[in-house]
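Novice: So that you have it, the file is my_file24.tsv, and it contains TSV, C-alpha atoms:
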chain	number	residue	atom	x	y	z
C	12	MET	CA	-43.85	-46.63	-39.65
C	13	THR	CA	-45.27	-49.44	-41.73
C	14	ALA	CA	-43.41	-52.58	-42.73
C	15	SER	CA	-43.16	-51.33	-46.31
C	16	ALA	CA	-41.68	-48.06	-45.00
C	17	LEU	CA	-39.11	-50.10	-43.12
C	18	PHE	CA	-38.17	-51.78	-46.38
C	19	ASN	CA	-37.77	-48.43	-48.15
C	20	THR	CA	-35.78	-46.83	-45.34
C	21	SER	CA	-33.38	-49.74	-44.97
C	22	VAL	CA	-32.86	-49.97	-48.75
C	23	MET	CA	-32.07	-46.26	-48.89
C	24	GLY	CA	-29.68	-46.71	-45.98
C	25	MET	CA	-27.83	-49.54	-47.72
C	26	SER	CA	-27.73	-47.55	-50.95
C	27	ALA	CA	-26.27	-44.51	-49.15
C	28	GLN	CA	-23.58	-46.60	-47.47
C	29	THR	CA	-22.78	-48.23	-50.82
C	30	THR	CA	-22.20	-44.71	-52.16
C	31	ALA	CA	-19.90	-43.99	-49.22
C	32	LEU	CA	-18.01	-47.24	-49.78
C	33	SER	CA	-17.56	-46.38	-53.46
C	34	ALA	CA	-15.92	-43.07	-52.46
C	35	VAL	CA	-13.64	-44.90	-50.03
C	36	ALA	CA	-12.68	-47.43	-52.70
C	37	GLU	CA	-11.94	-44.69	-55.24
C	38	ASN	CA	-9.86	-42.76	-52.72
C	39	ILE	CA	-7.81	-45.77	-51.65
C	40	SER	CA	-7.11	-46.78	-55.26
C	41	ASN	CA	-5.86	-43.23	-56.00
C	42	SER	CA	-3.86	-42.72	-52.81
C	43	ASN	CA	-0.66	-42.45	-54.90
C	44	THR	CA	-2.12	-40.64	-57.92
C	45	VAL	CA	-0.47	-37.27	-58.56
C	46	GLY	CA	-2.87	-34.37	-58.14
C	47	TYR	CA	-5.81	-36.59	-57.12
C	48	LYS	CA	-8.54	-34.89	-55.12
C	49	GLU	CA	-10.29	-36.87	-52.40
C	50	ALA	CA	-13.97	-37.76	-52.78
C	51	THR	CA	-16.15	-37.29	-49.70
C	52	THR	CA	-19.70	-38.49	-49.11
C	53	HIS	CA	-22.43	-36.06	-48.09
C	54	PHE	CA	-25.56	-37.49	-46.43
C	55	GLN	CA	-28.95	-35.83	-46.18
C	56	THR	CA	-32.28	-36.85	-44.71
C	57	LEU	CA	-35.07	-37.72	-47.11
C	58	LEU	CA	-38.83	-37.86	-46.41
C	59	THR	CA	-40.67	-40.42	-48.49
C	60	SER	CA	-44.16	-39.56	-47.16
C	61	PHE	CA	-45.87	-37.24	-44.67
C	62	GLN	CA	-49.33	-37.73	-43.22
C	63	GLY	CA	-49.50	-34.96	-40.64
C	64	GLY	CA	-48.41	-34.81	-37.01
C	65	ASN	CA	-44.90	-35.83	-36.14
C	66	ASP	CA	-44.94	-39.20	-37.86
C	67	ALA	CA	-43.19	-39.20	-41.20
C	68	ASP	CA	-41.63	-41.96	-43.23
C	69	GLY	CA	-38.09	-41.08	-44.12
C	70	GLY	CA	-34.67	-42.27	-45.09
C	71	VAL	CA	-31.35	-40.99	-46.32
C	72	ALA	CA	-29.73	-39.97	-49.58
C	73	ALA	CA	-26.01	-39.71	-50.28
C	74	SER	CA	-23.81	-38.14	-52.95
C	75	ASN	CA	-20.06	-38.02	-53.45
C	76	VAL	CA	-18.33	-34.66	-53.78
C	77	ILE	CA	-14.77	-34.11	-55.06
C	78	GLU	CA	-12.75	-31.83	-52.76
C	79	VAL	CA	-11.38	-29.80	-55.67
C	80	THR	CA	-9.86	-26.96	-53.64
C	81	LYS	CA	-7.99	-29.17	-51.16
C	82	SER	CA	-4.20	-29.16	-51.68
C	83	GLY	CA	-2.02	-32.24	-51.42
C	84	THR	CA	1.47	-32.53	-49.99
C	85	THR	CA	4.41	-31.49	-52.20
C	86	LEU	CA	6.71	-34.20	-53.55
C	87	ASN	CA	10.24	-33.40	-54.74
C	88	THR	CA	11.38	-34.78	-58.12
C	89	THR	CA	14.36	-34.41	-60.46
C	90	SER	CA	12.48	-33.27	-63.58
C	91	ALA	CA	12.15	-29.56	-64.39
C	92	THR	CA	8.84	-30.27	-66.16
C	93	ASP	CA	7.29	-31.76	-63.02
C	94	LEU	CA	5.18	-28.87	-61.77
C	95	ALA	CA	3.20	-28.19	-58.61
C	96	ILE	CA	0.95	-25.25	-57.79
C	97	GLN	CA	1.56	-23.65	-54.40
C	98	GLY	CA	-1.78	-21.98	-53.79
C	99	ASP	CA	-4.93	-21.61	-55.87
C	100	GLY	CA	-5.39	-22.28	-59.57
C	101	PHE	CA	-5.16	-25.07	-62.13
C	102	PHE	CA	-2.96	-25.91	-65.07
C	103	VAL	CA	-4.77	-25.54	-68.39
C	104	VAL	CA	-4.45	-28.68	-70.53
C	105	ALA	CA	-5.95	-29.79	-73.83
C	106	ASP	CA	-6.75	-33.12	-75.45
C	107	SER	CA	-5.77	-34.14	-78.98
C	108	THR	CA	-8.86	-32.43	-80.42
C	109	GLY	CA	-8.15	-29.09	-78.73
C	110	ASN	CA	-10.74	-29.23	-75.94
C	111	THR	CA	-9.36	-27.54	-72.83
C	112	TYR	CA	-9.63	-28.66	-69.21
C	113	LEU	CA	-8.24	-27.81	-65.79
C	114	THR	CA	-5.97	-30.03	-63.69
C	115	ARG	CA	-3.61	-30.01	-60.72
C	116	ALA	CA	-1.70	-33.06	-62.01
C	117	GLY	CA	1.58	-31.51	-63.15
C	118	SER	CA	3.70	-34.46	-64.25
C	119	PHE	CA	4.63	-33.54	-67.84
C	120	LEU	CA	7.03	-35.17	-70.30
C	121	ARG	CA	7.92	-34.46	-73.94
C	122	ASP	CA	6.18	-36.46	-76.65
C	123	THR	CA	7.70	-37.25	-80.06
C	124	GLN	CA	6.88	-33.72	-81.26
C	125	GLY	CA	8.40	-32.03	-78.22
C	126	ARG	CA	5.05	-31.13	-76.66
C	127	LEU	CA	4.66	-31.40	-72.88
C	128	VAL	CA	2.03	-34.06	-72.12
C	129	ASN	CA	0.96	-35.74	-68.89
C	130	THR	CA	0.28	-39.44	-68.28
C	131	ALA	CA	-3.38	-39.06	-69.21
C	132	GLY	CA	-2.48	-37.65	-72.65
C	133	TYR	CA	-3.32	-33.99	-71.96
C	134	TYR	CA	-1.04	-31.25	-73.32
C	135	LEU	CA	0.16	-28.37	-71.15
C	136	MET	CA	-1.02	-25.05	-72.56
C	137	GLY	CA	0.66	-21.65	-72.47
C	138	TYR	CA	1.37	-18.59	-74.58
C	139	SER	CA	4.46	-17.02	-76.11
C	140	SER	CA	6.46	-14.89	-73.69
C	141	SER	CA	6.83	-12.33	-76.48
C	142	ALA	CA	3.05	-11.83	-76.76
C	143	ALA	CA	1.92	-8.24	-76.34
C	144	ALA	CA	-0.75	-9.33	-73.85
C	145	ALA	CA	-1.78	-12.52	-72.07
C	146	PRO	CA	-4.91	-14.31	-73.35
C	147	THR	CA	-8.01	-13.87	-71.24
C	148	ASP	CA	-9.41	-17.36	-71.76
C	149	PRO	CA	-8.06	-20.85	-72.64
C	150	SER	CA	-8.97	-20.56	-76.33
C	151	GLY	CA	-6.00	-18.23	-76.85
C	152	LEU	CA	-3.40	-20.72	-75.59
C	153	GLN	CA	-1.10	-23.11	-77.46
C	154	ALA	CA	0.62	-26.38	-76.59
C	155	ILE	CA	4.03	-25.80	-75.03
C	156	THR	CA	6.86	-27.33	-77.08
C	157	ILE	CA	10.48	-27.91	-76.08
C	158	PRO	CA	12.72	-28.43	-79.15
C	159	TYR	CA	15.69	-30.15	-77.53
C	160	GLY	CA	18.73	-30.11	-79.83
C	161	LYS	CA	17.39	-27.31	-82.02
C	162	GLU	CA	19.72	-24.37	-82.69
C	163	ILE	CA	18.23	-21.08	-81.53
C	164	GLY	CA	19.63	-17.62	-82.21
C	165	ASN	CA	17.56	-14.56	-81.38
C	166	PRO	CA	18.35	-10.94	-82.31
C	167	SER	CA	18.69	-8.30	-79.63
C	168	THR	CA	15.73	-5.95	-79.39
C	169	GLU	CA	15.97	-4.34	-75.96
C	170	GLY	CA	18.40	-3.78	-73.13
C	171	SER	CA	19.63	-1.35	-70.53
C	172	LEU	CA	22.90	0.35	-69.64
C	173	THR	CA	23.68	1.80	-66.23
C	174	ALA	CA	26.74	3.98	-65.72
C	175	ASN	CA	28.01	7.08	-63.95
C	176	LEU	CA	29.59	9.85	-66.00
C	177	PRO	CA	32.04	12.03	-64.03
C	178	SER	CA	30.77	15.60	-63.70
C	179	THR	CA	34.38	16.88	-63.67
C	180	ALA	CA	35.13	15.61	-67.21
C	181	ALA	CA	36.55	18.17	-69.68
C	182	THR	CA	34.35	19.55	-72.45
C	183	ILE	CA	35.09	18.29	-75.99
C	184	ALA	CA	34.82	20.56	-79.02
C	185	ALA	CA	32.08	19.76	-81.52
C	186	ALA	CA	34.55	19.08	-84.37
C	187	ASP	CA	36.31	16.45	-82.26
C	188	LEU	CA	33.24	14.54	-81.04
C	189	PRO	CA	32.91	10.81	-81.91
C	190	SER	CA	29.83	11.63	-83.98
C	191	ALA	CA	32.12	13.47	-86.42
C	192	ASN	CA	33.95	10.15	-87.01
C	193	ALA	CA	37.20	11.96	-87.82
C	194	SER	CA	40.80	10.99	-87.19
C	195	THR	CA	40.84	13.71	-84.52
C	196	SER	CA	37.72	12.43	-82.76
C	197	THR	CA	38.09	11.95	-79.03
C	198	TYR	CA	35.79	11.19	-76.12
C	199	SER	CA	35.37	11.42	-72.37
C	200	LYS	CA	34.58	7.77	-71.57
C	201	LYS	CA	33.96	4.55	-73.47
C	202	THR	CA	32.41	1.13	-72.88
C	203	SER	CA	31.40	-1.77	-75.12
C	204	VAL	CA	28.34	-4.01	-75.08
C	205	THR	CA	27.45	-7.18	-76.97
C	206	ALA	CA	24.27	-7.54	-79.00
C	207	TYR	CA	23.20	-10.30	-81.42
C	208	ASP	CA	22.10	-10.15	-85.05
C	209	ASN	CA	19.30	-12.11	-86.72
C	210	LEU	CA	21.46	-15.25	-87.01
C	211	GLY	CA	22.70	-15.18	-83.43
C	212	ASN	CA	26.11	-13.74	-84.31
C	213	PRO	CA	27.58	-11.50	-81.57
C	214	VAL	CA	27.96	-7.84	-82.53
C	215	THR	CA	30.22	-5.67	-80.36
C	216	LEU	CA	28.98	-2.13	-80.01
C	217	ASP	CA	31.37	0.64	-78.93
C	218	VAL	CA	29.54	3.24	-76.84
C	219	TYR	CA	31.27	6.63	-76.50
C	220	PHE	CA	30.27	9.26	-73.94
C	221	SER	CA	31.52	12.80	-74.56
C	222	LYS	CA	30.84	15.89	-72.47
C	223	THR	CA	29.70	18.77	-74.70
C	224	SER	CA	28.84	21.41	-72.06
C	225	SER	CA	27.80	21.71	-68.44
C	226	ASN	CA	25.39	18.85	-67.61
C	227	THR	CA	25.16	17.90	-71.30
C	228	TRP	CA	26.76	14.86	-72.96
C	229	GLU	CA	26.68	13.09	-76.30
C	230	ALA	CA	26.43	9.28	-76.64
C	231	SER	CA	27.54	7.73	-79.95
C	232	VAL	CA	27.39	4.03	-80.80
C	233	PHE	CA	29.57	2.36	-83.46
C	234	ASP	CA	29.94	-1.15	-84.85
C	235	ALA	CA	33.28	-2.22	-83.36
C	236	SER	CA	34.11	-4.36	-86.40
C	237	THR	CA	34.36	-1.21	-88.57
C	238	ALA	CA	36.99	0.52	-86.41
C	239	THR	CA	40.25	1.57	-88.07
C	240	ASN	CA	43.19	0.16	-86.12
C	241	GLY	CA	40.92	-0.03	-83.10
C	242	GLY	CA	39.79	3.60	-83.22
C	243	PHE	CA	38.67	6.54	-85.34
C	244	PRO	CA	37.69	6.93	-88.03
C	245	TYR	CA	35.34	3.97	-88.34
C	246	SER	CA	34.69	2.73	-91.88
C	247	SER	CA	31.00	3.44	-91.34
C	248	GLY	CA	29.36	6.19	-89.35
C	249	ALA	CA	27.71	6.03	-85.95
C	250	LEU	CA	24.77	3.69	-85.64
C	251	THR	CA	23.11	6.30	-83.45
C	252	THR	CA	23.99	9.54	-81.69
C	253	GLN	CA	22.06	10.65	-78.64
C	254	SER	CA	22.13	13.93	-76.71
C	255	LEU	CA	21.99	13.45	-72.92
C	256	THR	CA	21.01	16.07	-70.35
C	257	PHE	CA	21.49	15.69	-66.60
C	258	SER	CA	20.02	17.47	-63.59
C	259	ALA	CA	22.33	19.96	-61.93
C	260	THR	CA	20.61	19.16	-58.64
C	261	ASP	CA	20.95	15.39	-58.26
C	262	GLY	CA	22.77	14.22	-61.40
C	263	SER	CA	19.90	12.16	-62.77
C	264	ILE	CA	19.25	12.01	-66.50
C	265	THR	CA	16.51	14.38	-67.62
C	266	SER	CA	16.45	13.82	-71.39
C	267	GLY	CA	17.79	11.28	-73.87
C	268	SER	CA	17.01	8.30	-71.66
C	269	SER	CA	16.37	5.91	-74.56
C	270	ALA	CA	18.46	5.18	-77.63
C	271	SER	CA	17.46	3.23	-80.77
C	272	ILE	CA	20.35	1.31	-82.34
C	273	ALA	CA	20.11	-0.41	-85.73
C	274	VAL	CA	22.20	-3.53	-85.05
C	275	PRO	CA	24.02	-4.56	-88.29
C	276	ASN	CA	22.20	-7.53	-89.88
C	277	GLY	CA	19.86	-7.49	-86.89
C	278	SER	CA	16.91	-5.71	-85.40
C	279	THR	CA	16.53	-2.30	-83.81
C	280	LEU	CA	17.87	-2.39	-80.26
C	281	THR	CA	16.08	-0.09	-77.83
C	282	LEU	CA	18.63	0.72	-75.13
C	283	ASP	CA	17.26	2.05	-71.85
C	284	LEU	CA	19.60	4.73	-70.45
C	285	THR	CA	17.52	5.82	-67.45
C	286	GLY	CA	20.21	4.34	-65.20
C	287	LEU	CA	22.80	6.92	-66.34
C	288	THR	CA	23.93	9.53	-63.81
C	289	GLN	CA	26.38	12.44	-63.81
C	290	LEU	CA	27.97	12.66	-60.39
C	291	GLY	CA	31.26	13.79	-58.94
C	292	SER	CA	32.77	10.30	-58.90
C	293	SER	CA	34.73	8.21	-61.39
C	294	PHE	CA	33.35	6.56	-64.49
C	295	SER	CA	31.72	3.21	-63.63
C	296	VAL	CA	29.54	0.81	-65.61
C	297	SER	CA	27.25	-1.89	-64.25
C	298	ASN	CA	26.80	-5.09	-66.24
C	299	PRO	CA	24.57	-4.18	-69.19
C	300	THR	CA	21.52	-6.36	-69.80
C	301	ILE	CA	20.71	-6.99	-73.45
C	302	ASN	CA	18.36	-9.67	-74.70
C	303	GLY	CA	18.98	-11.95	-77.66
C	304	ASN	CA	21.37	-14.86	-77.72
C	305	ALA	CA	24.15	-16.51	-79.65
C	306	ALA	CA	23.12	-19.50	-81.76
C	307	SER	CA	23.20	-22.63	-79.59
C	308	GLN	CA	21.21	-25.82	-79.07
C	309	VAL	CA	18.42	-26.13	-76.52
C	310	SER	CA	19.73	-28.44	-73.81
C	311	SER	CA	17.20	-28.07	-70.98
C	312	VAL	CA	14.50	-25.79	-69.58
C	313	SER	CA	13.93	-23.75	-66.47
C	314	ILE	CA	10.54	-22.69	-65.11
C	315	ASP	CA	10.11	-19.77	-62.72
C	316	LYS	CA	7.42	-19.42	-60.07
C	317	ASP	CA	5.59	-16.88	-62.26
C	318	GLY	CA	5.25	-19.53	-64.99
C	319	THR	CA	8.00	-18.25	-67.30
C	320	LEU	CA	9.47	-21.21	-69.19
C	321	SER	CA	12.94	-20.52	-70.59
C	322	TYR	CA	15.11	-22.61	-72.87
C	323	VAL	CA	18.57	-23.22	-71.42
C	324	LEU	CA	21.09	-23.33	-74.28
C	325	GLY	CA	24.32	-25.23	-74.56
C	326	ASN	CA	26.25	-21.97	-74.07
C	327	LYS	CA	24.43	-21.47	-70.72
C	328	GLN	CA	22.35	-18.57	-72.02
C	329	THR	CA	18.63	-18.64	-71.28
C	330	VAL	CA	15.89	-17.66	-73.70
C	331	SER	CA	12.39	-16.90	-72.45
C	332	ALA	CA	9.96	-18.94	-74.57
C	333	TYR	CA	6.55	-19.35	-72.88
C	334	LYS	CA	4.40	-18.21	-70.00
C	335	ILE	CA	2.40	-20.92	-68.24
C	336	PRO	CA	-0.79	-19.28	-66.96
C	337	LEU	CA	-3.12	-20.71	-64.34
C	338	GLY	CA	-6.86	-21.04	-64.78
C	339	THR	CA	-9.75	-21.03	-62.36
C	340	VAL	CA	-13.51	-20.59	-62.17
C	341	ALA	CA	-15.88	-18.72	-59.88
C	342	SER	CA	-17.03	-21.94	-58.15
C	343	PRO	CA	-14.34	-24.67	-58.31
C	344	THR	CA	-16.43	-27.14	-56.29
C	345	ASN	CA	-18.94	-27.25	-59.15
C	346	LEU	CA	-16.37	-28.37	-61.73
C	347	GLN	CA	-17.09	-31.72	-63.38
C	348	ALA	CA	-14.49	-34.37	-62.54
C	349	LEU	CA	-13.28	-36.40	-65.53
C	350	SER	CA	-10.81	-39.22	-66.09
C	351	GLY	CA	-7.14	-38.30	-65.99
C	352	ASN	CA	-7.48	-35.98	-62.97
C	353	THR	CA	-9.01	-33.27	-65.14
C	354	PHE	CA	-11.99	-31.02	-64.57
C	355	ALA	CA	-14.42	-29.53	-67.06
C	356	VAL	CA	-16.26	-26.26	-66.56
C	357	THR	CA	-20.00	-26.40	-66.03
C	358	LYS	CA	-22.80	-23.87	-65.96
C	359	GLU	CA	-22.67	-23.99	-62.17
C	360	SER	CA	-18.89	-23.51	-61.96
C	361	GLY	CA	-18.79	-20.58	-64.33
C	362	ALA	CA	-16.47	-20.06	-67.30
C	363	ALA	CA	-12.71	-20.52	-66.93
C	364	TYR	CA	-10.52	-17.42	-66.81
C	365	LEU	CA	-6.74	-17.05	-66.78
C	366	GLY	CA	-4.19	-15.28	-64.62
C	367	ASP	CA	-0.42	-15.20	-64.32
C	368	ALA	CA	1.07	-17.50	-61.70
C	369	ASN	CA	2.33	-15.88	-58.48
C	370	SER	CA	0.11	-12.83	-58.98
C	371	GLY	CA	-3.24	-11.80	-57.59
C	372	SER	CA	-5.13	-14.79	-56.23
C	373	MET	CA	-3.16	-17.31	-58.30
C	374	GLY	CA	-0.62	-19.59	-56.67
C	375	ALA	CA	3.04	-19.92	-57.59
C	376	ILE	CA	4.41	-22.66	-59.85
C	377	ALA	CA	7.15	-24.86	-58.38
C	378	SER	CA	9.42	-26.77	-60.75
C	379	ASP	CA	10.95	-30.17	-59.83
C	380	GLN	CA	7.92	-30.79	-57.62
C	381	LEU	CA	4.55	-32.54	-57.81
C	382	GLU	CA	1.36	-32.25	-55.78
C	383	GLY	CA	0.53	-35.57	-54.18
C	384	SER	CA	-2.89	-37.13	-53.60
C	385	THR	CA	-5.00	-35.57	-50.85
C	386	VAL	CA	-6.02	-39.04	-49.61
C	387	ASP	CA	-5.10	-40.09	-46.07
C	388	LEU	CA	-5.19	-43.90	-45.93
C	389	ALA	CA	-5.83	-44.08	-42.18
C	390	THR	CA	-8.89	-41.87	-42.53
C	391	GLN	CA	-10.19	-43.90	-45.47
C	392	LEU	CA	-9.83	-47.19	-43.60
C	393	SER	CA	-11.76	-45.69	-40.67
C	394	ASN	CA	-14.48	-44.44	-43.04
C	395	MET	CA	-14.67	-47.89	-44.60
C	396	ILE	CA	-15.30	-49.54	-41.22
C	397	VAL	CA	-18.01	-47.01	-40.36
C	398	ALA	CA	-19.73	-47.46	-43.74
C	399	GLN	CA	-19.51	-51.24	-43.48
C	400	ARG	CA	-21.11	-51.29	-40.02
C	401	SER	CA	-23.83	-48.89	-41.12
C	402	PHE	CA	-24.56	-51.05	-44.16
C	403	THR	CA	-24.78	-54.14	-41.92
C	404	ALA	CA	-27.12	-52.34	-39.51
C	405	ASN	CA	-29.40	-51.29	-42.37
C	406	SER	CA	-29.42	-54.84	-43.68
C	407	GLN	CA	-30.59	-55.99	-40.23
C	408	VAL	CA	-33.49	-53.51	-40.45
C	409	PHE	CA	-34.33	-54.97	-43.85
C	410	GLN	CA	-34.29	-58.50	-42.35
C	411	VAL	CA	-36.58	-57.47	-39.48
C	412	ALA	CA	-38.98	-55.84	-41.94
C	413	SER	CA	-38.99	-59.05	-43.96
C	414	GLU	CA	-39.85	-61.07	-40.85
C	415	VAL	CA	-42.65	-58.64	-39.93
C	416	MET	CA	-44.08	-58.94	-43.41
C	417	GLN	CA	-43.93	-62.72	-43.16
C	418	VAL	CA	-45.83	-62.64	-39.86
C	419	LEU	CA	-48.46	-60.35	-41.35
C	420	ASN	CA	-48.83	-62.56	-44.40
C	421	ASN	CA	-49.40	-65.59	-42.16
C	422	LEU	CA	-52.19	-63.95	-40.17
C	423	LYS	CA	-55.65	-65.44	-40.75
Will you turn the file into structure tokens for me?

Specialist:
Amino acid sequence: MTASALFNTSVMGMSAQTTALSAVAENISNSNTVGYKEATTHFQTLLTSFQGGNDADGGVAASNVIEVTKSGTTLNTTSATDLAIQGDGFFVVADSTGNTYLTRAGSFLRDTQGRLVNTAGYYLMGYSSSAAAAPTDPSGLQAITIPYGKEIGNPSTEGSLTANLPSTAATIAAADLPSANASTSTYSKKTSVTAYDNLGNPVTLDVYFSKTSSNTWEASVFDASTATNGGFPYSSGALTTQSLTFSATDGSITSGSSASIAVPNGSTLTLDLTGLTQLGSSFSVSNPTINGNAASQVSSVSIDKDGTLSYVLGNKQTVSAYKIPLGTVASPTNLQALSGNTFAVTKESGAAYLGDANSGSMGAIASDQLEGSTVDLATQLSNMIVAQRSFTANSQVFQVASEVMQVLNNLK
């Protein structure tokens, strides 16, 4: 190896160790940064010339790589909008101009417009929980907004009712069924459920079950506010009347398993009745589940592991508002690291695609938690010492090469 080759090799060595020291410095400075991914230095040999045989001038090249897929430790917090991902995937965030990025930094707070934004100024993106289908790419998402203090009242649109109708009940004549809405109307069993109209007002619905023949029943639903002295006749007719048929073998419902109810001043309520049975036991009703809510202010939020963000109202009801999807790419290690702990897709990483949290290959979302930095300070300090010594050793090679060149220049 010539003296000039010694110069080149030692300079490349110092340059490579400078690259390693820069990664160490970046890691140490971000040891407490939420969601930060450690940078590691990769070294590779480099031939600068080759003249045949086994003698080749060479050196080293180095590059820093962000360990994108490495997960940090979980930190507990007291904010419901502090989010951590347990498993694979990234939060989708957007800047003020609408450009979308990926991040694992999940510390979000409300801005003046109620949007969830992290410390780097990126907005958390999601989609309405009422959407017919989830978007397939980030362009279909919107900034998540939490309108604290705003009154929200949603009409009931769907629900379910589970009950057992006694198979030994007496048959009721057609003229005396609740659907006739006569003063003589009677019934086998009755329950009431609460729905909500368009303004969030509660609407009590009286549900009558009447046996009409063997294994056949009639269900009639009335607006309780129109009852005369608490019973028949109601001032307005049935909101819906449904014929129900049950299996003589196991008592399960075989027809009439869904009822459409036009809630007064509200929407059409689709009531799932598949949980009805006709068995030889007493009448029993499980707690009905009907969506919609009474008008009340948004006081807080809750976020489930599948990414469902719900408003918690002052009356303790919860209203599903958004789904927070997770994004990923085919090759996460080829994402481009940007300021603010964000990553941009590249040609090498592949396009971003979305998936629901806690499903498929996507991790679960944990509320009141944050993902800490992946940096281990002890390891970084050790790496710094190694890089420093290697830099010093390469500088000694450079000094020796300088002395050799000086000797050669002084030859006569």

Novice: Name the residues in contact with region 319-325 of chain C at a cut-off of 8 Å, using all atoms listed in the file, excluding same-chain residues fewer than 4 positions from it; report them as a PyMOL selection string.

Specialist: chain C and resi 140+157+307-315+329-335

Novice: When you count only C-alpha atoms, which of these residues is closest to Thr173 (chain C): C:Leu287, C:Ala73, C:Ala131, C:Leu349?

Specialist: C:Leu287

Novice: Between C:Gly69, C:Gly267, C:Pro244, C:Gly46, which is the closest to Thr114 (chain C) once you count only C-alpha atoms?

Specialist: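 Of all the options, C:Gly46 lies closest to Thr114 (chain C).
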
Novice: Smallest atom-to-atom distance to Glu78 (chain C): which of C:Val397, C:Ala34, C:Met23, C:Leu280, using only C-alpha atoms?

Specialist: C:Ala34

Novice: Go ahead and fit an axis-aligned box to every listed atom of region 140-149 of chain C plus 3 Å each side, and pass me the centre and edge lengths in Å, one decimal, as lines of an AutoDock Vina configuration file.

Specialist:
center_x = -1.3
center_y = -14.5
center_z = -74.0
size_x = 22.2
size_y = 18.6
size_z = 11.5

Novice: Quote the spacing between CA of Leu388 (chain C) and CA of Gln97 (chain C) in Å to one decimal place.

Specialist: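 Answer for the CA of Leu388 (chain C) to CA of Gln97 (chain C) separation: 23.0 Å.
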
Novice: As a ChimeraX atom specification, please: the residues near region 54-57 of chain C (cut-off 9 Å, all atoms listed in the file, same-chain neighbours under 4 positions excluded).

Specialist: /C:27,68-75
